[in-house]
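Comments concern the structure below.
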Amino acid sequence: MKVTWKQVATWRMQRQYVHPRTKRSASEIVGRLCGVQAQVWSAAELAVALRQTTPDGDAVDRDVADLTLMKTWAMRGTLHLLRPQDAGAFLSLMADAGSWLKPSWTKASGVSPKQVDELTEEVSGILDDGAELTRDQLVTKLIADKRFQSMEERLRSGWGSVLKPLAWRGALCHGVNQGNKITFTSPAKKFGKDWQGIPEPDEAAPLAIEAYLGAYGPAAPDTFDRWLTLNSTSKPKLRKWFADLGDKVTEVDVEGRKALILAEHADELAGTTECKGVKLLGHFDQYVLGPGTKDDALLDAQHRVKVSRAAGWISPIVVVDGRVEAVWEIDGKELVVTPFDGVSLPRKDLDKEATHVGKANGISGLKVRIA
């Protein structure tokens with residue numbers, strides 16, 4: 001089957017609720033996207049609100065409070081919002097990549113694989129009563145045991161690198177903030193039956209891959225793994241997991257590039273009509289994080305630095321006919337759009353999108369200025 005990149009982009013926008021938008025809840029949108037990055041909380045809120053027909057700025061907070069969304073370290077070691085019933089599959093594959101088993105990780109963190117095992121067991125016990133502890137409270141309990149006293153500085157670090165393997169193994173997730181302090185809790189205690197634990201990798205792989213292809217397909221195995229673990233998965237395992245899907249997936253030729261899509265979506269993709277128009281999406285948006293900023297079918301390589309910036313910052317993007325063609329920011333009452341070289345943007349579409357962005361951000365009368 002042969003399709004064009006514009007067909008792929010249009011199909012992805014439909015699947016990801018970029019166009020057309022949806023009336024679905026935050027948890028439903030997050031579920032379709034295989035999570036949304038929540039390192040910056042406003043980015044997660046915007047990812048949801050901009051996909052809704054009527055932006056609901058409280059949707060994420062409400063679903064987190066209702067326990068239909070959980071916050072934890074997941075893909076690429078970054079904080080994400082995930083549905084608790086979905087999280088285990090992605091966390092299982094992160095854990096299976098075993099980043100903390102590598103000598104480079106031990107050298108950088110000062111914590112050995114054995115110590116990670118001991119931490120996982122100890123934290124699971126500490127949080128077994130369902131407590132939600134601040135970082136200081138959790139670390140204070142840990143360092144009462146002499147095994148963990150040498151780790152105190154690393155455990156108190158806001159980066160949380162030593163705690164990430166514990167999240168991937170299901171020992172902890174984020175709880176309700178106490179003021180401006182984050183807390184940690186047990187996902188099993190907090191989410192009850194919706195948390196189904198951490199499955200074995202071979203059981204988790206089809207769940208994660210099928211969910212990913214359902215939003216970001218067609219894609220190659222290495223694209224999936226770059227999104228998931230920054231290409232840290234064992235290559236033989238990765239090949240096996242995709243091969244085991246059998247006739248659930250089918251190969252697609254996208255302008256000479258071979259990729260896979262779920263067989264159930266093949267006819268839908270083939271019948272997709274290339275769309276025209278402009279959509280604005282926020283910082284760290286899954287539309288670009290899913291396939292990755294290095295995908296030149298989505299984002300011209302010469303403009304990548306304008307989207308993927310220093311310190312891992314991902315700019316808000318302007319999507320034109322499915323491709324990223326500009327970036328934007330809000331400056332007071334202005335929505336400032338910076339087009340890439342040679343790109344002409346329809347003002348009428350930008351004005352319409354600015355109204356939607358304004359609603360999502362609680363700003364009325366937002367005016368477009370092209371830089």
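Residue numbers start at 1 in each chain; chains themselves are named A, B, ... in the order of the structure tokens; ligands are numbered from 1 in the order shown.
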Within 7 Å of segment 158-175 of chain A: each segment 114-151 of chain A residue with its shortest pair, only C-alpha atoms, as CSV:
```
residue,atom,partner,partner_atom,distance
A:Thr120,CA,A:Leu166,CA,5.4
A:Val123,CA,A:Ala171,CA,6.6
A:Ser124,CA,A:Ala171,CA,5.1
A:Glu132,CA,A:Gly175,CA,5.9
```
- Message: I need the residues of segment 116-251 of chain A that end up classed as strand (DSSP E) by DSSP on the backbone, written out as number ranges by chain.
- Response: A: 133-134, 173-174, 183-185, 249-251
Writing out the chosen residues with N, CA and C atoms as a compact mmCIF listing (two decimals), in the first residue's frame:
```txt
# COMPACT_ATOMS: atom_id res chain seq x y z
N LEU A 133 3.86 11.24 50.51
CA LEU A 133 4.96 11.88 51.21
C LEU A 133 5.70 12.85 50.29
N THR A 134 6.08 13.99 50.86
CA THR A 134 6.94 14.90 50.10
C THR A 134 8.30 14.24 49.91
N CYS A 173 4.60 6.74 42.27
CA CYS A 173 4.18 7.73 41.28
C CYS A 173 3.97 9.03 42.04
N HIS A 174 3.61 10.08 41.34
CA HIS A 174 3.37 11.36 42.01
C HIS A 174 1.98 11.38 42.65
N THR A 183 4.59 15.27 45.94
CA THR A 183 4.57 14.12 46.83
C THR A 183 4.69 12.84 46.00
N PHE A 184 5.04 11.76 46.70
CA PHE A 184 5.12 10.44 46.09
C PHE A 184 4.18 9.50 46.83
N THR A 185 3.62 8.58 46.07
CA THR A 185 2.69 7.62 46.66
C THR A 185 2.76 6.32 45.88
N VAL A 249 -0.33 -5.95 12.07
CA VAL A 249 0.26 -4.79 11.42
C VAL A 249 0.47 -5.08 9.94
N THR A 250 0.54 -4.03 9.17
CA THR A 250 0.81 -4.17 7.74
C THR A 250 1.79 -3.09 7.31
N GLU A 251 2.61 -3.41 6.31
CA GLU A 251 3.62 -2.46 5.86
C GLU A 251 3.02 -1.46 4.90
```
Identify, on the basis of only C-alpha atoms, every residue whose closest approach to segment 363-369 of chain A does not exceed 12 Å; exclude the query and any residue fewer than 4 positions from it along the same chain; express the result as a CSV table (one decimal) with all heavy atoms, in the first residue's frame.
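Okay, selection00.csv is ready:
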```
chain,number,residue,atom,x,y,z
A,55,PRO,N,-12.3,24.6,24.6
A,55,PRO,CA,-11.2,24.3,25.6
A,55,PRO,C,-11.6,24.4,27.0
A,55,PRO,O,-12.3,25.4,27.4
A,55,PRO,CB,-10.2,25.5,25.2
A,55,PRO,CG,-10.5,25.8,23.8
A,55,PRO,CD,-12.0,25.7,23.7
A,57,GLY,N,-9.9,24.5,30.5
A,57,GLY,CA,-8.6,24.7,31.2
A,57,GLY,C,-8.5,23.9,32.5
A,57,GLY,O,-7.4,23.7,33.0
A,328,TRP,N,5.3,29.8,17.8
A,328,TRP,CA,4.6,30.9,18.3
A,328,TRP,C,4.8,31.0,19.8
A,328,TRP,O,5.3,30.1,20.5
A,328,TRP,CB,3.1,30.8,18.0
A,328,TRP,CG,2.4,29.6,18.6
A,328,TRP,CD1,2.2,28.4,18.1
A,328,TRP,CD2,1.7,29.5,19.9
A,328,TRP,NE1,1.5,27.5,18.9
A,328,TRP,CE2,1.2,28.2,20.0
A,328,TRP,CE3,1.5,30.4,20.9
A,328,TRP,CZ2,0.5,27.8,21.2
A,328,TRP,CZ3,0.8,30.0,22.1
A,328,TRP,CH2,0.3,28.7,22.2
A,329,GLU,N,4.5,32.2,20.3
A,329,GLU,CA,4.5,32.4,21.8
A,329,GLU,C,3.5,33.5,22.1
A,329,GLU,O,3.1,34.3,21.2
A,329,GLU,CB,5.9,32.9,22.2
A,329,GLU,CG,6.4,34.2,21.6
A,329,GLU,CD,7.8,34.5,22.0
A,329,GLU,OE1,8.3,34.0,23.0
A,329,GLU,OE2,8.4,35.4,21.4
A,330,ILE,N,3.1,33.6,23.3
A,330,ILE,CA,2.2,34.7,23.8
A,330,ILE,C,3.0,35.7,24.5
A,330,ILE,O,3.8,35.5,25.4
A,330,ILE,CB,1.1,34.1,24.7
A,330,ILE,CG1,0.2,33.2,23.9
A,330,ILE,CG2,0.3,35.2,25.4
A,330,ILE,CD1,-0.9,32.5,24.8
A,331,ASP,N,2.8,37.0,24.1
A,331,ASP,CA,3.5,38.1,24.7
A,331,ASP,C,2.4,39.1,25.1
A,331,ASP,O,1.9,39.9,24.2
A,331,ASP,CB,4.4,38.8,23.7
A,331,ASP,CG,5.2,39.9,24.3
A,331,ASP,OD1,5.1,40.2,25.5
A,331,ASP,OD2,5.9,40.6,23.5
A,332,GLY,N,2.0,39.1,26.3
A,332,GLY,CA,0.9,39.9,26.8
A,332,GLY,C,-0.4,39.5,26.1
A,332,GLY,O,-0.9,38.4,26.2
A,333,LYS,N,-1.0,40.5,25.3
A,333,LYS,CA,-2.2,40.2,24.5
A,333,LYS,C,-1.9,39.9,23.1
A,333,LYS,O,-2.9,39.9,22.3
A,333,LYS,CB,-3.1,41.5,24.6
A,333,LYS,CG,-3.8,41.7,25.9
A,333,LYS,CD,-5.1,40.8,26.0
A,333,LYS,CE,-6.0,41.3,27.2
A,333,LYS,NZ,-7.2,40.5,27.2
A,334,GLU,N,-0.7,39.6,22.8
A,334,GLU,CA,-0.3,39.2,21.4
A,334,GLU,C,0.1,37.8,21.3
A,334,GLU,O,0.8,37.3,22.2
A,334,GLU,CB,0.8,40.1,20.9
A,334,GLU,CG,0.4,41.5,20.6
A,334,GLU,CD,1.5,42.3,19.9
A,334,GLU,OE1,2.7,42.1,20.3
A,334,GLU,OE2,1.2,43.2,19.1
A,335,LEU,N,-0.3,37.1,20.2
A,335,LEU,CA,0.2,35.8,19.9
A,335,LEU,C,1.2,36.1,18.7
A,335,LEU,O,0.8,36.4,17.6
A,335,LEU,CB,-1.0,34.9,19.4
A,335,LEU,CG,-0.6,33.4,19.2
A,335,LEU,CD1,-1.8,32.5,19.5
A,335,LEU,CD2,-0.1,33.1,17.8
A,336,VAL,N,2.4,35.9,19.1
A,336,VAL,CA,3.5,36.2,18.1
A,336,VAL,C,3.9,35.0,17.3
A,336,VAL,O,4.4,34.0,17.9
A,336,VAL,CB,4.7,36.8,18.8
A,336,VAL,CG1,5.8,37.2,17.8
A,336,VAL,CG2,4.3,38.0,19.7
A,337,VAL,N,3.7,35.0,16.0
A,337,VAL,CA,4.0,33.9,15.2
A,337,VAL,C,5.3,34.2,14.4
A,337,VAL,O,5.4,35.2,13.8
A,337,VAL,CB,2.9,33.6,14.2
A,337,VAL,CG1,3.2,32.4,13.3
A,337,VAL,CG2,1.6,33.3,15.0
A,338,THR,N,6.2,33.2,14.5
A,338,THR,CA,7.5,33.4,13.7
A,338,THR,C,7.5,32.3,12.6
A,338,THR,O,7.9,31.1,12.9
A,338,THR,CB,8.7,33.2,14.7
A,338,THR,OG1,8.6,34.2,15.7
A,338,THR,CG2,10.0,33.5,13.9
A,339,PRO,N,7.2,32.6,11.4
A,339,PRO,CA,7.2,31.6,10.3
A,339,PRO,C,8.6,31.2,10.0
A,339,PRO,O,9.6,32.0,10.1
A,339,PRO,CB,6.5,32.4,9.1
A,339,PRO,CG,5.9,33.6,9.7
A,339,PRO,CD,6.8,33.9,10.9
A,345,LEU,N,1.8,32.5,5.8
A,345,LEU,CA,0.7,31.9,6.6
A,345,LEU,C,-0.6,32.7,6.4
A,345,LEU,O,-0.6,33.9,6.4
A,345,LEU,CB,1.0,32.0,8.1
A,345,LEU,CG,2.3,31.2,8.5
A,345,LEU,CD1,2.7,31.4,9.9
A,345,LEU,CD2,2.0,29.7,8.3
A,346,PRO,N,-1.7,32.0,6.2
A,346,PRO,CA,-3.0,32.7,6.0
A,346,PRO,C,-3.5,33.4,7.3
A,346,PRO,O,-3.7,32.7,8.3
A,346,PRO,CB,-4.0,31.6,5.6
A,346,PRO,CG,-3.3,30.3,6.0
A,346,PRO,CD,-1.9,30.5,6.1
A,347,ARG,N,-3.6,34.7,7.2
A,347,ARG,CA,-4.0,35.5,8.4
A,347,ARG,C,-5.3,35.1,9.0
A,347,ARG,O,-5.5,35.0,10.2
A,347,ARG,CB,-4.0,37.0,8.0
A,347,ARG,CG,-4.1,37.9,9.2
A,347,ARG,CD,-3.0,37.6,10.3
A,347,ARG,NE,-3.1,38.5,11.4
A,347,ARG,CZ,-2.4,39.6,11.6
A,347,ARG,NH1,-1.4,39.9,10.7
A,347,ARG,NH2,-2.5,40.3,12.7
A,348,LYS,N,-6.3,34.8,8.1
A,348,LYS,CA,-7.6,34.4,8.6
A,348,LYS,C,-7.6,33.2,9.5
A,348,LYS,O,-8.2,33.1,10.5
A,348,LYS,CB,-8.6,34.2,7.4
A,348,LYS,CG,-10.0,33.9,7.8
A,348,LYS,CD,-10.9,33.8,6.6
A,348,LYS,CE,-12.3,33.4,7.0
A,348,LYS,NZ,-13.2,33.3,5.7
A,349,ASP,N,-6.8,32.2,9.0
A,349,ASP,CA,-6.7,30.9,9.8
A,349,ASP,C,-6.0,31.2,11.1
A,349,ASP,O,-6.3,30.7,12.2
A,349,ASP,CB,-5.9,29.9,9.0
A,349,ASP,CG,-6.7,29.3,7.9
A,349,ASP,OD1,-7.9,29.6,7.8
A,349,ASP,OD2,-6.2,28.5,7.1
A,350,LEU,N,-4.9,32.0,11.1
A,350,LEU,CA,-4.2,32.4,12.3
A,350,LEU,C,-5.1,33.1,13.3
A,350,LEU,O,-5.0,32.8,14.5
A,350,LEU,CB,-3.0,33.2,12.0
A,350,LEU,CG,-1.8,32.5,11.3
A,350,LEU,CD1,-0.7,33.6,11.0
A,350,LEU,CD2,-1.2,31.4,12.2
A,351,ASP,N,-5.9,34.0,12.8
A,351,ASP,CA,-6.8,34.7,13.7
A,351,ASP,C,-7.8,33.8,14.4
A,351,ASP,O,-8.1,33.9,15.6
A,351,ASP,CB,-7.6,35.8,13.0
A,351,ASP,CG,-6.7,37.0,12.6
A,351,ASP,OD1,-5.6,37.2,13.2
A,351,ASP,OD2,-7.1,37.7,11.6
A,352,LYS,N,-8.3,32.8,13.6
A,352,LYS,CA,-9.2,31.8,14.2
A,352,LYS,C,-8.5,31.0,15.2
A,352,LYS,O,-9.1,30.7,16.3
A,352,LYS,CB,-9.8,31.0,13.1
A,352,LYS,CG,-10.8,30.0,13.5
A,352,LYS,CD,-11.4,29.2,12.3
A,352,LYS,CE,-12.5,28.2,12.7
A,352,LYS,NZ,-13.0,27.5,11.5
A,353,GLU,N,-7.3,30.5,14.9
A,353,GLU,CA,-6.6,29.7,15.9
A,353,GLU,C,-6.2,30.5,17.1
A,353,GLU,O,-6.2,30.0,18.2
A,353,GLU,CB,-5.3,29.2,15.2
A,353,GLU,CG,-5.6,28.0,14.3
A,353,GLU,CD,-6.1,26.8,15.0
A,353,GLU,OE1,-5.4,26.2,15.8
A,353,GLU,OE2,-7.3,26.5,14.9
A,354,ALA,N,-5.9,31.8,17.0
A,354,ALA,CA,-5.6,32.7,18.1
A,354,ALA,C,-6.7,32.7,19.1
A,354,ALA,O,-6.5,32.8,20.3
A,354,ALA,CB,-5.2,34.1,17.6
A,355,THR,N,-7.9,32.8,18.6
A,355,THR,CA,-9.1,32.8,19.4
A,355,THR,C,-9.2,31.5,20.3
A,355,THR,O,-9.5,31.6,21.5
A,355,THR,CB,-10.4,33.0,18.6
A,355,THR,OG1,-10.3,34.2,17.9
A,355,THR,CG2,-11.6,32.9,19.5
A,356,HIS,N,-8.9,30.4,19.6
A,356,HIS,CA,-8.9,29.1,20.3
A,356,HIS,C,-7.8,29.0,21.4
A,356,HIS,O,-8.0,28.6,22.5
A,356,HIS,CB,-8.8,28.0,19.3
A,356,HIS,CG,-9.2,26.6,19.8
A,356,HIS,ND1,-10.6,26.3,20.0
A,356,HIS,CD2,-8.5,25.5,20.2
A,356,HIS,CE1,-10.7,25.1,20.5
A,356,HIS,NE2,-9.5,24.6,20.6
A,357,VAL,N,-6.6,29.5,21.0
A,357,VAL,CA,-5.5,29.5,21.9
A,357,VAL,C,-5.8,30.4,23.1
A,357,VAL,O,-5.5,30.1,24.3
A,357,VAL,CB,-4.2,29.9,21.2
A,357,VAL,CG1,-3.1,30.2,22.2
A,357,VAL,CG2,-3.8,28.9,20.2
A,358,GLY,N,-6.4,31.5,22.8
A,358,GLY,CA,-6.8,32.5,23.9
A,358,GLY,C,-7.8,31.8,24.9
A,358,GLY,O,-7.6,31.9,26.1
A,359,LYS,N,-8.8,31.1,24.4
A,359,LYS,CA,-9.7,30.4,25.2
A,359,LYS,C,-9.0,29.4,26.1
A,359,LYS,O,-9.3,29.2,27.3
A,359,LYS,CB,-10.8,29.8,24.4
A,359,LYS,CG,-11.8,30.8,23.8
A,359,LYS,CD,-12.8,30.0,22.9
A,359,LYS,CE,-13.8,31.0,22.2
A,359,LYS,NZ,-14.7,30.3,21.3
```
- Task: Might you pull out every residue within 10 Å of Glu200 of chain A, with only C-alpha atoms counted and same-chain residues fewer than 4 positions away left off, and present them as a count of residues only?
- Result: 7
- Message: I'd like the neighbourhood of Asp202 of chain A as a PyMOL selection string, where a residue qualifies if any of its atoms comes within 12 Å (using only C-alpha atoms), though same-chain residues fewer than 5 positions away should be ignored.
- Response: chain A and resi 89-90+92-93+96+207-209+237-245
- atom CA of Phe340 of chain A to atom CA of His283 of chain A: how many Å, to one decimal? 16.9 Å
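Excluding Thr53 of chain A itself and same-chain residues fewer than 4 positions from it, the residues having an atom within 8 Å of it are Arg21, Thr22 and Lys23 of chain A, counting only C-alpha atoms.
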Can you write just those residues out, C-alpha atoms, as a PDB file, in the first residue's frame?
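The new file part-v5.pdb reads:
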```pdb
ATOM      1  CA  ARG A  21     -11.152  18.610  17.560  1.00  0.00           C
ATOM      2  CA  THR A  22     -13.136  16.616  20.099  1.00  0.00           C
ATOM      3  CA  LYS A  23     -15.532  16.853  23.009  1.00  0.00           C
TER       4      LYS A  23
END
```
